[in-house]
$ cat coords.cif   # mmCIF, C-alpha atoms
data_start
loop_
_atom_site.group_PDB
_atom_site.id
_atom_site.type_symbol
_atom_site.label_atom_id
_atom_site.label_comp_id
_atom_site.auth_asym_id
_atom_site.auth_seq_id
_atom_site.Cartn_x
_atom_site.Cartn_y
_atom_site.Cartn_z
ATOM 1 C CA MET A 1 -193.690 58.957 37.815
ATOM 2 C CA ALA A 2 -196.191 58.982 34.988
ATOM 3 C CA ARG A 3 -197.997 62.203 34.273
ATOM 4 C CA PHE A 4 -201.781 62.040 34.123
ATOM 5 C CA GLU A 5 -203.128 63.290 30.804
ATOM 6 C CA ILE A 6 -206.436 65.174 30.994
ATOM 7 C CA PRO A 7 -208.755 64.190 28.120
ATOM 8 C CA ARG A 8 -209.528 66.892 25.601
ATOM 9 C CA GLY A 9 -212.614 68.892 26.560
ATOM 10 C CA TRP A 10 -212.219 68.113 30.265
ATOM 11 C CA THR A 11 -210.527 70.012 33.093
ATOM 12 C CA ALA A 12 -209.446 69.152 36.632
ATOM 13 C CA GLN A 13 -211.382 70.644 39.517
ATOM 14 C CA ALA A 14 -211.596 70.100 43.266
ATOM 15 C CA TYR A 15 -214.729 69.896 45.404
ATOM 16 C CA THR A 16 -214.219 70.093 49.165
ATOM 17 C CA PHE A 17 -216.802 69.315 51.843
ATOM 18 C CA ALA A 18 -216.632 69.436 55.629
ATOM 19 C CA VAL A 19 -217.762 66.163 57.182
ATOM 20 C CA ASP A 20 -219.546 65.249 60.425
ATOM 21 C CA PRO A 21 -218.016 61.855 61.266
ATOM 22 C CA THR A 22 -218.957 59.622 64.162
ATOM 23 C CA PRO A 23 -216.369 59.082 66.940
ATOM 24 C CA ALA A 24 -215.599 55.651 65.437
ATOM 25 C CA GLN A 25 -215.016 57.225 62.042
ATOM 26 C CA VAL A 26 -212.681 59.840 63.518
ATOM 27 C CA ARG A 27 -210.657 56.992 65.017
ATOM 28 C CA ALA A 28 -210.571 55.343 61.584
ATOM 29 C CA PHE A 29 -209.477 58.627 59.969
ATOM 30 C CA ARG A 30 -206.635 58.967 62.459
ATOM 31 C CA SER A 31 -205.637 55.332 62.044
ATOM 32 C CA HIS A 32 -205.411 55.758 58.278
ATOM 33 C CA ALA A 33 -203.421 58.995 58.590
ATOM 34 C CA GLY A 34 -201.151 57.291 61.131
ATOM 35 C CA GLY A 35 -200.633 54.428 58.702
ATOM 36 C CA ALA A 36 -199.580 56.876 56.005
ATOM 37 C CA ARG A 37 -197.082 58.449 58.412
ATOM 38 C CA THR A 38 -195.718 55.051 59.448
ATOM 39 C CA ALA A 39 -195.154 53.951 55.846
ATOM 40 C CA HIS A 40 -193.466 57.254 54.991
ATOM 41 C CA ASN A 41 -191.177 57.216 58.021
ATOM 42 C CA THR A 42 -190.329 53.518 57.768
ATOM 43 C CA MET A 43 -189.211 53.726 54.170
ATOM 44 C CA LEU A 44 -187.471 57.075 54.659
ATOM 45 C CA ALA A 45 -185.383 55.447 57.394
ATOM 46 C CA VAL A 46 -184.546 52.559 55.045
ATOM 47 C CA VAL A 47 -183.567 54.925 52.204
ATOM 48 C CA LYS A 48 -181.432 57.018 54.553
ATOM 49 C CA ALA A 49 -179.705 53.937 55.984
ATOM 50 C CA VAL A 50 -178.792 52.709 52.496
ATOM 51 C CA LEU A 51 -177.484 56.143 51.444
ATOM 52 C CA ASP A 52 -175.410 56.413 54.632
ATOM 53 C CA GLN A 53 -174.041 52.902 54.148
ATOM 54 C CA ARG A 54 -173.048 53.617 50.547
ATOM 55 C CA ALA A 55 -171.368 56.869 51.596
ATOM 56 C CA ALA A 56 -169.395 55.038 54.296
ATOM 57 C CA GLU A 57 -168.338 52.347 51.850
ATOM 58 C CA ARG A 58 -167.090 54.979 49.389
ATOM 59 C CA SER A 59 -165.025 56.522 52.172
ATOM 60 C CA TYR A 60 -163.375 53.119 52.653
ATOM 61 C CA GLY A 61 -162.333 53.144 49.006
ATOM 62 C CA LEU A 62 -164.814 50.606 47.660
ATOM 63 C CA ALA A 63 -165.589 50.763 43.959
ATOM 64 C CA GLU A 64 -169.134 51.661 42.892
ATOM 65 C CA GLU A 65 -169.933 48.111 41.841
ATOM 66 C CA GLU A 66 -168.956 46.868 45.314
ATOM 67 C CA LEU A 67 -171.307 49.189 47.200
ATOM 68 C CA THR A 68 -174.500 48.114 48.938
ATOM 69 C CA PRO A 69 -177.181 48.033 46.216
ATOM 70 C CA SER A 70 -179.186 51.247 45.978
ATOM 71 C CA LEU A 71 -182.950 51.263 46.424
ATOM 72 C CA ASN A 72 -185.559 51.927 43.770
ATOM 73 C CA TRP A 73 -187.155 55.224 44.832
ATOM 74 C CA SER A 74 -190.190 54.975 42.576
ATOM 75 C CA LEU A 75 -193.586 54.438 44.186
ATOM 76 C CA ALA A 76 -193.592 50.847 42.937
ATOM 77 C CA GLY A 77 -190.093 50.255 44.335
ATOM 78 C CA LEU A 78 -190.920 51.723 47.730
ATOM 79 C CA ARG A 79 -194.177 49.780 47.862
ATOM 80 C CA LYS A 80 -192.331 46.510 47.228
ATOM 81 C CA GLU A 81 -189.902 47.223 50.071
ATOM 82 C CA TRP A 82 -192.724 48.317 52.378
ATOM 83 C CA ASN A 83 -194.719 45.140 51.716
ATOM 84 C CA ALA A 84 -191.674 43.091 52.734
ATOM 85 C CA ARG A 85 -191.461 44.954 56.063
ATOM 86 C CA LYS A 86 -195.024 45.899 57.008
ATOM 87 C CA GLY A 87 -195.766 42.720 58.942
ATOM 88 C CA GLU A 88 -192.895 43.501 61.316
ATOM 89 C CA VAL A 89 -193.095 47.301 61.627
ATOM 90 C CA ALA A 90 -196.893 47.638 61.410
ATOM 91 C CA PRO A 91 -198.556 44.347 62.454
ATOM 92 C CA TRP A 92 -201.881 46.222 62.527
ATOM 93 C CA TRP A 93 -201.617 47.201 58.836
ATOM 94 C CA ALA A 94 -204.686 45.171 57.798
ATOM 95 C CA GLU A 95 -206.948 47.445 59.878
ATOM 96 C CA ASN A 96 -206.631 50.198 57.267
ATOM 97 C CA SER A 97 -207.130 50.513 53.536
ATOM 98 C CA LYS A 98 -203.991 49.899 51.500
ATOM 99 C CA GLU A 99 -204.484 53.473 50.280
ATOM 100 C CA ALA A 100 -203.328 54.735 53.675
ATOM 101 C CA TYR A 101 -199.850 53.293 53.186
ATOM 102 C CA ASN A 102 -199.828 54.259 49.524
ATOM 103 C CA THR A 103 -200.408 57.874 50.599
ATOM 104 C CA GLY A 104 -197.252 57.881 52.700
ATOM 105 C CA LEU A 105 -195.167 56.074 50.105
ATOM 106 C CA ASP A 106 -196.338 58.345 47.290
ATOM 107 C CA SER A 107 -195.404 61.493 49.228
ATOM 108 C CA LEU A 108 -191.976 60.021 49.940
ATOM 109 C CA ALA A 109 -191.419 58.980 46.311
ATOM 110 C CA ARG A 110 -192.312 62.488 45.148
ATOM 111 C CA GLY A 111 -190.069 64.063 47.763
ATOM 112 C CA LEU A 112 -187.091 61.889 46.857
ATOM 113 C CA ASP A 113 -187.617 62.532 43.159
ATOM 114 C CA ALA A 114 -187.729 66.307 43.707
ATOM 115 C CA TRP A 115 -184.629 66.217 45.943
ATOM 116 C CA SER A 116 -182.675 64.070 43.479
ATOM 117 C CA LYS A 117 -183.541 66.279 40.495
ATOM 118 C CA SER A 118 -182.856 69.454 42.463
ATOM 119 C CA ARG A 119 -179.441 68.185 43.546
ATOM 120 C CA ALA A 120 -178.603 67.242 39.938
ATOM 121 C CA GLY A 121 -179.676 70.654 38.638
ATOM 122 C CA GLU A 122 -182.555 69.138 36.698
ATOM 123 C CA ARG A 123 -185.279 70.997 38.587
ATOM 124 C CA ALA A 124 -186.070 74.688 38.262
ATOM 125 C CA GLY A 125 -186.880 76.862 41.248
ATOM 126 C CA LYS A 126 -185.768 76.726 44.865
ATOM 127 C CA THR A 127 -183.421 74.008 46.052
ATOM 128 C CA VAL A 128 -185.360 71.053 47.454
ATOM 129 C CA GLY A 129 -184.076 69.490 50.645
ATOM 130 C CA PHE A 130 -184.004 65.814 51.577
ATOM 131 C CA PRO A 131 -187.402 64.534 52.801
ATOM 132 C CA ARG A 132 -188.048 64.788 56.532
ATOM 133 C CA PHE A 133 -189.662 62.409 58.956
ATOM 134 C CA LYS A 134 -193.293 63.139 59.796
ATOM 135 C CA THR A 135 -194.235 63.599 63.448
ATOM 136 C CA ALA A 136 -197.514 63.068 65.278
ATOM 137 C CA ARG A 137 -198.038 66.828 64.917
ATOM 138 C CA SER A 138 -197.822 66.664 61.135
ATOM 139 C CA ARG A 139 -201.031 67.417 59.256
ATOM 140 C CA ARG A 140 -203.192 64.301 59.137
ATOM 141 C CA SER A 141 -204.366 63.270 55.677
ATOM 142 C CA VAL A 142 -204.954 60.212 53.523
ATOM 143 C CA ARG A 143 -205.726 59.968 49.804
ATOM 144 C CA PHE A 144 -207.938 57.346 48.174
ATOM 145 C CA THR A 145 -207.577 56.585 44.468
ATOM 146 C CA THR A 146 -209.141 53.126 44.159
ATOM 147 C CA GLY A 147 -212.118 51.307 45.610
ATOM 148 C CA THR A 148 -215.557 52.740 46.360
ATOM 149 C CA ILE A 149 -215.341 56.539 46.161
ATOM 150 C CA ARG A 150 -218.643 58.311 45.598
ATOM 151 C CA VAL A 151 -221.104 61.005 46.617
ATOM 152 C CA GLU A 152 -224.397 59.467 47.653
ATOM 153 C CA PRO A 153 -227.738 60.315 45.970
ATOM 154 C CA ASP A 154 -229.116 61.866 49.185
ATOM 155 C CA ARG A 155 -226.600 64.736 48.751
ATOM 156 C CA HIS A 156 -225.535 64.501 52.404
ATOM 157 C CA HIS A 157 -223.209 61.489 52.503
ATOM 158 C CA VAL A 158 -220.033 60.325 50.792
ATOM 159 C CA THR A 159 -218.549 56.839 50.754
ATOM 160 C CA LEU A 160 -214.848 56.000 50.983
ATOM 161 C CA PRO A 161 -212.986 52.646 50.937
ATOM 162 C CA ARG A 162 -212.878 50.747 54.235
ATOM 163 C CA ILE A 163 -214.351 53.711 56.158
ATOM 164 C CA GLY A 164 -217.758 53.546 54.482
ATOM 165 C CA ARG A 165 -220.553 56.113 54.474
ATOM 166 C CA ILE A 166 -219.733 59.502 56.028
ATOM 167 C CA LYS A 167 -222.169 62.344 56.695
ATOM 168 C CA THR A 168 -221.243 65.694 55.151
ATOM 169 C CA HIS A 169 -221.803 68.991 56.930
ATOM 170 C CA GLU A 170 -223.121 70.573 53.739
ATOM 171 C CA SER A 171 -224.922 69.464 50.613
ATOM 172 C CA THR A 172 -222.876 67.753 47.899
ATOM 173 C CA ARG A 173 -225.450 68.579 45.205
ATOM 174 C CA LYS A 174 -223.083 70.626 43.004
ATOM 175 C CA LEU A 175 -220.822 67.620 42.510
ATOM 176 C CA ALA A 176 -223.545 64.954 42.692
ATOM 177 C CA ARG A 177 -225.533 66.551 39.870
ATOM 178 C CA ARG A 178 -222.524 66.624 37.574
ATOM 179 C CA VAL A 179 -221.559 63.024 38.345
ATOM 180 C CA GLU A 180 -225.119 61.828 37.715
ATOM 181 C CA ALA A 181 -225.243 63.791 34.439
ATOM 182 C CA GLY A 182 -221.999 62.194 33.289
ATOM 183 C CA THR A 183 -220.164 65.531 33.081
ATOM 184 C CA ALA A 184 -217.862 64.801 36.022
ATOM 185 C CA ARG A 185 -215.649 61.843 36.945
ATOM 186 C CA ILE A 186 -214.158 61.437 40.413
ATOM 187 C CA LEU A 187 -210.447 60.604 40.323
ATOM 188 C CA SER A 188 -209.585 60.594 44.020
ATOM 189 C CA ALA A 189 -210.667 61.729 47.466
ATOM 190 C CA THR A 190 -208.435 63.118 50.209
ATOM 191 C CA LEU A 191 -209.445 63.166 53.861
ATOM 192 C CA SER A 192 -207.614 65.808 55.896
ATOM 193 C CA GLU A 193 -207.819 67.447 59.292
ATOM 194 C CA ASP A 194 -207.466 71.215 59.627
ATOM 195 C CA SER A 195 -205.821 73.137 62.486
ATOM 196 C CA SER A 196 -209.112 73.342 64.390
ATOM 197 C CA GLY A 197 -209.606 69.575 64.305
ATOM 198 C CA ARG A 198 -212.360 69.587 61.674
ATOM 199 C CA TRP A 199 -212.134 66.941 58.949
ATOM 200 C CA HIS A 200 -212.801 67.592 55.275
ATOM 201 C CA VAL A 201 -212.973 65.448 52.163
ATOM 202 C CA ALA A 202 -211.639 66.900 48.903
ATOM 203 C CA PHE A 203 -212.590 65.221 45.646
ATOM 204 C CA GLN A 204 -210.282 65.621 42.661
ATOM 205 C CA VAL A 205 -212.605 65.573 39.702
ATOM 206 C CA LEU A 206 -212.511 65.762 35.920
ATOM 207 C CA VAL A 207 -215.291 68.008 34.634
ATOM 208 C CA GLN A 208 -216.468 68.412 31.071
#

$ encode --input "coords.cif" --output "structure tokens"
Amino acid sequence: MARFEIPRGWTAQAYTFAVDPTPAQVRAFRSHAGGARTAHNTMLAVVKAVLDQRAAERSYGLAEEELTPSLNWSLAGLRKEWNARKGEVAPWWAENSKEAYNTGLDSLARGLDAWSKSRAGERAGKTVGFPRFKTARSRRSVRFTTGTIRVEPDRHHVTLPRIGRIKTHESTRKLARRVEAGTARILSATLSEDSSGRWHVAFQVLVQ
């Protein structure tokens, strides 16, 4: 996966705000987070099935070139496989932003990359295990990197793709002022639910 290069004179910073969503928006948040989980689990099952099949074929004495073709574990590769399956496994997929599914696929691609490098001795630190399936109890979150992502001029609302305008619990003036002055650029926004059930939006920002 490509590494993002921070321009000279800029630095990455996060701004997090609690939000006060409507009941309909909470349902949309949960639907998006559920979509991310579905994409992650669907493609993890496919990856695992292919690995198991290849292992079984090796045990039968098949040569490497005769094995079931391996999957491309990059984000682009997983996305291609997901798009071929989403109509069957998630017929409701169009209800959410494509970023919901990208969130799940990106986390899986990163997990597989870390596991593969760890197993090959190419990764420093603790041994990384094979990615696990996410359950309904897993932390709900979804990350947006494209589309309309902004803090509104009134300092009390933010806008995210598909979900629209969301009221914030606190003022966004610290970030809004910098964006308006041209000394901050929003890269992404992540919606997440904490253990108490409160939702937050975290903006990943480049600041000058």

$ resolve_selection --input "coords.cif" --expression "the PyMOL selection byres ((chain A and resi 133) around 12)" --output "PDB file with C-alpha atoms, in the coordinates of the input"
ATOM      1  CA  ALA A  36    -199.580  56.876  56.005  1.00  0.00           C
ATOM      2  CA  ARG A  37    -197.082  58.449  58.412  1.00  0.00           C
ATOM      3  CA  THR A  38    -195.718  55.051  59.448  1.00  0.00           C
ATOM      4  CA  ALA A  39    -195.154  53.951  55.846  1.00  0.00           C
ATOM      5  CA  HIS A  40    -193.466  57.254  54.991  1.00  0.00           C
ATOM      6  CA  ASN A  41    -191.177  57.216  58.021  1.00  0.00           C
ATOM      7  CA  THR A  42    -190.329  53.518  57.768  1.00  0.00           C
ATOM      8  CA  MET A  43    -189.211  53.726  54.170  1.00  0.00           C
ATOM      9  CA  LEU A  44    -187.471  57.075  54.659  1.00  0.00           C
ATOM     10  CA  ALA A  45    -185.383  55.447  57.394  1.00  0.00           C
ATOM     11  CA  VAL A  46    -184.546  52.559  55.045  1.00  0.00           C
ATOM     12  CA  VAL A  47    -183.567  54.925  52.204  1.00  0.00           C
ATOM     13  CA  LYS A  48    -181.432  57.018  54.553  1.00  0.00           C
ATOM     14  CA  GLY A 104    -197.252  57.881  52.700  1.00  0.00           C
ATOM     15  CA  SER A 107    -195.404  61.493  49.228  1.00  0.00           C
ATOM     16  CA  LEU A 108    -191.976  60.021  49.940  1.00  0.00           C
ATOM     17  CA  GLY A 111    -190.069  64.063  47.763  1.00  0.00           C
ATOM     18  CA  PHE A 130    -184.004  65.814  51.577  1.00  0.00           C
ATOM     19  CA  PRO A 131    -187.402  64.534  52.801  1.00  0.00           C
ATOM     20  CA  ARG A 132    -188.048  64.788  56.532  1.00  0.00           C
ATOM     21  CA  LYS A 134    -193.293  63.139  59.796  1.00  0.00           C
ATOM     22  CA  THR A 135    -194.235  63.599  63.448  1.00  0.00           C
ATOM     23  CA  ALA A 136    -197.514  63.068  65.278  1.00  0.00           C
ATOM     24  CA  ARG A 137    -198.038  66.828  64.917  1.00  0.00           C
ATOM     25  CA  SER A 138    -197.822  66.664  61.135  1.00  0.00           C
TER      26      SER A 138
END

$ residues_around --input "coords.cif" --residues "Leu160 of chain A" --least-positions-apart "5" --cutoff "9 Å" --atoms "all atoms listed in the file" --output "list in words"
Phe144, Gly147, Thr148, Ile149, Arg150, Arg165, Ile166 and Ala189 of chain A

$ resolve_selection --input "coords.cif" --expression "the PyMOL selection byres ((chain A and resi 155) around 7)" --output "VMD selection string"
chain A and resid 151 to 154 156 to 157 171 to 173 176

$ closest_residue --input "coords.cif" --among "A:Thr183, A:Ser195, A:Thr159, A:Ser97" --to "Ala12 of chain A" --atoms "all atoms listed in the file"
A:Thr183

$ atom_distance --input "coords.cif" --atom1 "atom CA of Val207 of chain A" --atom2 "atom CA of Glu5 of chain A"
13.6 Å

$ closest_residue --input "coords.cif" --among "A:Ala100, A:Ile186, A:Ala90, A:Ala114" --to "Trp73 of chain A" --atoms "all atoms listed in the file"
A:Ala114

$ residues_around --input "coords.cif" --residues "Trp93 of chain A" --least-positions-apart "3" --cutoff "12 Å" --atoms "all atoms listed in the file" --output "PyMOL selection string"
chain A and resi 31-36+38-39+82-83+85-90+96-102

$ closest_residue --input "coords.cif" --among "A:Glu170, A:Gly164, A:Val179, A:Ser196" --to "Gln25 of chain A" --atoms "all atoms listed in the file"
A:Gly164

$ atom_distance --input "coords.cif" --atom1 "atom CA of Ile6 of chain A" --atom2 "atom CA of Glu180 of chain A"
20.1 Å

$ closest_residue --input "coords.cif" --among "A:Leu51, A:Ala24, A:Ala14, A:Leu112" --to "Ile163 of chain A" --atoms "all atoms listed in the file"
A:Ala24

$ closest_residue --input "coords.cif" --among "A:Lys167, A:Lys80, A:Trp92, A:Val142" --to "Thr22 of chain A" --atoms "all atoms listed in the file"
A:Lys167

$ resolve_selection --input "coords.cif" --expression "the PyMOL selection byres ((chain A and resi 16) around 7)" --output "list in words"
Ala14, Tyr15, Phe17, Ala18, His200, Val201, Ala202 and Phe203 of chain A

$ atom_distance --input "coords.cif" --atom1 "atom CA of Ser118 of chain A" --atom2 "atom CA of Leu78 of chain A"
20.2 Å

$ axis_aligned_box --input "coords.cif" --around "segment 52-62 of chain A" --padding-each-side "4 Å" --output "JSON"
{"center_x": -168.9, "center_y": 53.7, "center_z": 51.1, "size_x": 21.1, "size_y": 14.3, "size_z": 15.0}

$ residues_around --input "coords.cif" --residues "Ser141 of chain A" --least-positions-apart "3" --cutoff "7 Å" --atoms "all atoms listed in the file" --output "MDAnalysis selection string"
chainID A and resid 33 190:193

$ closest_residue --input "coords.cif" --among "A:Gly77, A:Pro21, A:Gly61, A:Gly197" --to "Arg140 of chain A" --atoms "all atoms listed in the file"
A:Gly197

$ build_atoms --input "coords.cif" --residues "segment 73-84 of chain A" --atoms "all heavy atoms" --output "CSV table (one decimal), keeping the file's coordinate frame"
chain,number,residue,atom,x,y,z
A,73,TRP,N,-186.4,54.2,44.1
A,73,TRP,CA,-187.2,55.2,44.8
A,73,TRP,C,-188.5,55.5,44.2
A,73,TRP,O,-189.2,56.4,44.6
A,73,TRP,CB,-186.4,56.5,44.9
A,73,TRP,CG,-185.2,56.5,45.7
A,73,TRP,CD1,-184.8,55.5,46.6
A,73,TRP,CD2,-184.1,57.5,45.8
A,73,TRP,NE1,-183.6,55.8,47.2
A,73,TRP,CE2,-183.2,57.0,46.8
A,73,TRP,CE3,-183.9,58.7,45.2
A,73,TRP,CZ2,-182.0,57.7,47.1
A,73,TRP,CZ3,-182.8,59.4,45.5
A,73,TRP,CH2,-181.9,59.0,46.5
A,74,SER,N,-188.9,54.8,43.2
A,74,SER,CA,-190.2,55.0,42.6
A,74,SER,C,-191.3,54.5,43.6
A,74,SER,O,-191.0,53.8,44.5
A,74,SER,CB,-190.3,54.2,41.3
A,74,SER,OG,-190.3,52.8,41.5
A,75,LEU,N,-192.5,54.9,43.3
A,75,LEU,CA,-193.6,54.4,44.2
A,75,LEU,C,-193.7,52.9,44.2
A,75,LEU,O,-193.8,52.3,45.2
A,75,LEU,CB,-194.9,55.0,43.7
A,75,LEU,CG,-196.2,54.6,44.4
A,75,LEU,CD1,-196.1,54.8,45.9
A,75,LEU,CD2,-197.4,55.3,43.9
A,76,ALA,N,-193.5,52.3,43.0
A,76,ALA,CA,-193.6,50.8,42.9
A,76,ALA,C,-192.5,50.2,43.7
A,76,ALA,O,-192.6,49.2,44.4
A,76,ALA,CB,-193.5,50.4,41.5
A,77,GLY,N,-191.2,50.8,43.6
A,77,GLY,CA,-190.1,50.3,44.3
A,77,GLY,C,-190.2,50.4,45.8
A,77,GLY,O,-190.0,49.4,46.6
A,78,LEU,N,-190.7,51.5,46.3
A,78,LEU,CA,-190.9,51.7,47.7
A,78,LEU,C,-192.0,50.8,48.3
A,78,LEU,O,-191.9,50.3,49.4
A,78,LEU,CB,-191.3,53.2,48.0
A,78,LEU,CG,-190.1,54.2,47.8
A,78,LEU,CD1,-190.7,55.6,48.0
A,78,LEU,CD2,-189.0,53.9,48.7
A,79,ARG,N,-193.1,50.6,47.4
A,79,ARG,CA,-194.2,49.8,47.9
A,79,ARG,C,-193.7,48.3,48.0
A,79,ARG,O,-194.1,47.6,49.0
A,79,ARG,CB,-195.3,49.9,46.8
A,79,ARG,CG,-196.6,49.1,47.3
A,79,ARG,CD,-197.6,49.0,46.2
A,79,ARG,NE,-198.1,50.4,45.9
A,79,ARG,CZ,-198.1,50.9,44.6
A,79,ARG,NH1,-197.5,50.2,43.6
A,79,ARG,NH2,-198.6,52.1,44.4
A,80,LYS,N,-192.9,47.9,47.1
A,80,LYS,CA,-192.3,46.5,47.2
A,80,LYS,C,-191.5,46.3,48.5
A,80,LYS,O,-191.7,45.3,49.2
A,80,LYS,CB,-191.4,46.2,46.0
A,80,LYS,CG,-190.9,44.8,46.0
A,80,LYS,CD,-190.0,44.6,44.8
A,80,LYS,CE,-189.4,43.2,44.8
A,80,LYS,NZ,-188.5,42.9,43.6
A,81,GLU,N,-190.7,47.3,48.8
A,81,GLU,CA,-189.9,47.2,50.1
A,81,GLU,C,-190.8,47.3,51.3
A,81,GLU,O,-190.6,46.6,52.3
A,81,GLU,CB,-188.9,48.3,50.1
A,81,GLU,CG,-187.8,48.2,49.0
A,81,GLU,CD,-186.9,47.1,49.2
A,81,GLU,OE1,-186.7,46.6,50.4
A,81,GLU,OE2,-186.3,46.6,48.2
A,82,TRP,N,-191.8,48.2,51.2
A,82,TRP,CA,-192.7,48.3,52.4
A,82,TRP,C,-193.5,47.0,52.6
A,82,TRP,O,-193.6,46.6,53.8
A,82,TRP,CB,-193.7,49.5,52.1
A,82,TRP,CG,-194.9,49.4,53.0
A,82,TRP,CD1,-196.2,49.0,52.6
A,82,TRP,CD2,-195.0,49.7,54.4
A,82,TRP,NE1,-197.1,49.1,53.6
A,82,TRP,CE2,-196.4,49.5,54.7
A,82,TRP,CE3,-194.1,50.2,55.3
A,82,TRP,CZ2,-196.8,49.7,56.0
A,82,TRP,CZ3,-194.6,50.4,56.6
A,82,TRP,CH2,-195.9,50.2,57.0
A,83,ASN,N,-194.0,46.4,51.6
A,83,ASN,CA,-194.7,45.1,51.7
A,83,ASN,C,-193.9,44.0,52.4
A,83,ASN,O,-194.4,43.2,53.1
A,83,ASN,CB,-195.2,44.7,50.4
A,83,ASN,CG,-196.4,45.5,49.9
A,83,ASN,OD1,-197.1,46.1,50.7
A,83,ASN,ND2,-196.6,45.5,48.6
A,84,ALA,N,-192.6,44.1,52.1
A,84,ALA,CA,-191.7,43.1,52.7
A,84,ALA,C,-191.5,43.3,54.2
A,84,ALA,O,-191.1,42.4,55.0
A,84,ALA,CB,-190.3,43.1,52.0
